[in-house]
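Q: Here it is: the structure, laid out below.
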Amino acid sequence: MSSSTVITNIATLVTNDPSLGDSSPLGLIQDAAVVIDGDRVAWTGESSKAPATDNRVDAGGRAVLPGFVDSHSHLVFAGDRTQEFNARMSGRSYSAGGIRTTVAATRAASDADLEANLTRYLAEALRQGTTTFETKSGYGLTVEDEARALRIAAAHTDEVTYLGAHIVSPDYADDPAAYVALVTGEMLDACAPYARWIDVFCEKGAFDGDQARAILTAGKARGLHPRIHANQLSCGPGVQLAVELDAASADHCTHLTDADVDALASGRTVATLLPGAEFSTRAEWPNARRLLDAGVTVALSTDCNPGSSFTSSVPFCVALAVRDMGMTPDEAVWSATAGGAAALRRDDIGRLTPGAYADLALLDAPSHVHLAYRPGVPLVTGVWRRGVREV
């Protein structure tokens, strides 16, 4: 039988539901409590009005917010790219070609090694408040290696993305059309049973707009919903293609035309911003302010991968978004929780409302603003996932 728990004496509770708290998008409640029953949130409100429960936790005047929803990561890989990063920080620019280094290491790794690496980074992310994560294939680029990456990932999350179209496989360097045929044919057949999503890196040096459309359309026909790596390194067709195909998210969105912004504002596609990539490549920052002012739904994620954004820390990305991308602390926290949920088309996570999963983070601070106010400080001091305290 499930038991109920009340977390009380919360200085600031972020619900992400304005009807439960103040009128802001965060739906803040001061001097608050939240009741967990089984794996779900049963009640939120003022601490003095909390109902009786089986168990009681005193938050000690700290803040509580929904667990972070990391809607973009690449965690099934082997090796690292320390030398590449070191060289880049010494003046060499980033290009998509570095992915090939990780492809070689991943192909050579055992299933056990890949899973050990995955679980290591999942535990690292959990300690920093991430309770839901999406992760992709894309470092195998053969039928067998892509399928095993997704099989390993699917043992740890429901949010699994087939990214056979990360780059053209080195094995097909002289025949990209044949690789697109493989990605949309035999590889898709092997990978679809393990995945919910299909993704493509639509960028110079990877896949053009026509190739991306063919890949995503084939995935949709197999029941996989699209998301796109779009407009990271330059302006291109990715964002508008994402909206055209009703992709759940267009990820990166660093280089946008007015038409791109208008398209995002008119559709359901979430703009997922990944400031860790810009930080790690010394690239131009995405302009979150421009998107938010246009009415675009924005998510914030880590892009954790061994090449261009080797961080699992959503709090770090929140601080970067506030400092360098024009977001307020409230907007960044919303985007890292409810925004990530929107990028996964989920309404049962990213918020602390009755009926949602009891995924929440306790901060050693009185307010969520401290995530940006105290950058680099490990403020997450407790994490509940589906009602169970894991940190």
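Letters A, B, ... go to the chains of the structure tokens in the order shown; residues in each chain start at 1; ligands are counted from 1 in the same order.
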Considering only C-alpha atoms, return as a PyMOL selection string whatever protein or nucleic-acid residues lie within 12 Å of Trp43 (chain A), sequence-local ones (same chain, fewer than 4 positions apart) excluded.

A: chain A and resi 4-8+15+20+32-37+47+49-53+352-358

Q: Enumerate, as a count of residues only, the complete set of residues in region 103-325 of chain A that a backbone-based DSSP assignment places in helix (DSSP H, G or I).

A: 109

Q: Hey, which bits of region 298-336 of chain A sit within 9 Å of region 96-105 of chain A, and for each residue what's the closest pair of atoms and how far apart in Å (one decimal), counting only C-alpha atoms, rows by chain and increasing number, as a tab-separated table?

A:
```
residue	atom	partner	partner_atom	distance
A:Pro306	CA	A:Thr102	CA	7.7
A:Gly307	CA	A:Gly98	CA	7.0
A:Ser308	CA	A:Gly98	CA	8.9
```

Q: Dump C-alpha atoms for the selected residues as a tab-separated table (two decimals), in the first residue's frame?

A:
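File written: result.tsv
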```tsv
chain	number	residue	atom	x	y	z
A	306	PRO	CA	31.05	14.38	-24.87
A	307	GLY	CA	31.83	16.87	-27.63
A	308	SER	CA	30.03	20.19	-27.51
```

Q: Using only C-alpha atoms, can you tell me which of A:Ala277, A:Val377, A:Ala365, A:Ile198 comes closest to Gln128 (chain A)?

A: A:Val377

Q: Fewer than 5 positions away in the same chain doesn't count, so skip those; otherwise give me all residues within 6 Å of region 66-78 of chain A, counting only C-alpha atoms, as a list in words.

A: Ala105, Thr106, Leu118, Gly129, Thr130, Thr131, Thr132, Phe133, Glu134, Thr135, Lys136, Ser301, Asp303, Cys304, Asn305, Ala336, Thr337, Gly340, Gly350, Arg351, Leu352, Asp359, Leu360 and Ala361 of chain A

Q: For Cys235 (chain A), which residue among A:Arg40, A:His252, A:Arg385, A:Arg88 is the nearest when counting only C-alpha atoms?

A: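 For Cys235 (chain A), the nearest of the candidates is A:His252.
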
Q: Check the smallest atom-to-atom distance from each of A:Gly185, A:Gly238, A:Leu245, A:Trp197 to Ala259 (chain A) using only C-alpha atoms, then report the winner.

A: A:Gly238

Q: Can you tell me which residues surround Asp210 (chain A) at a distance of at most 10 Å, considering only C-alpha atoms, apart from same-chain residues fewer than 5 positions away, and format the answer as a list in words?

A: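 My reading of the contact set: Cys202, Ile215, Pro237 and Leu241 of chain A.
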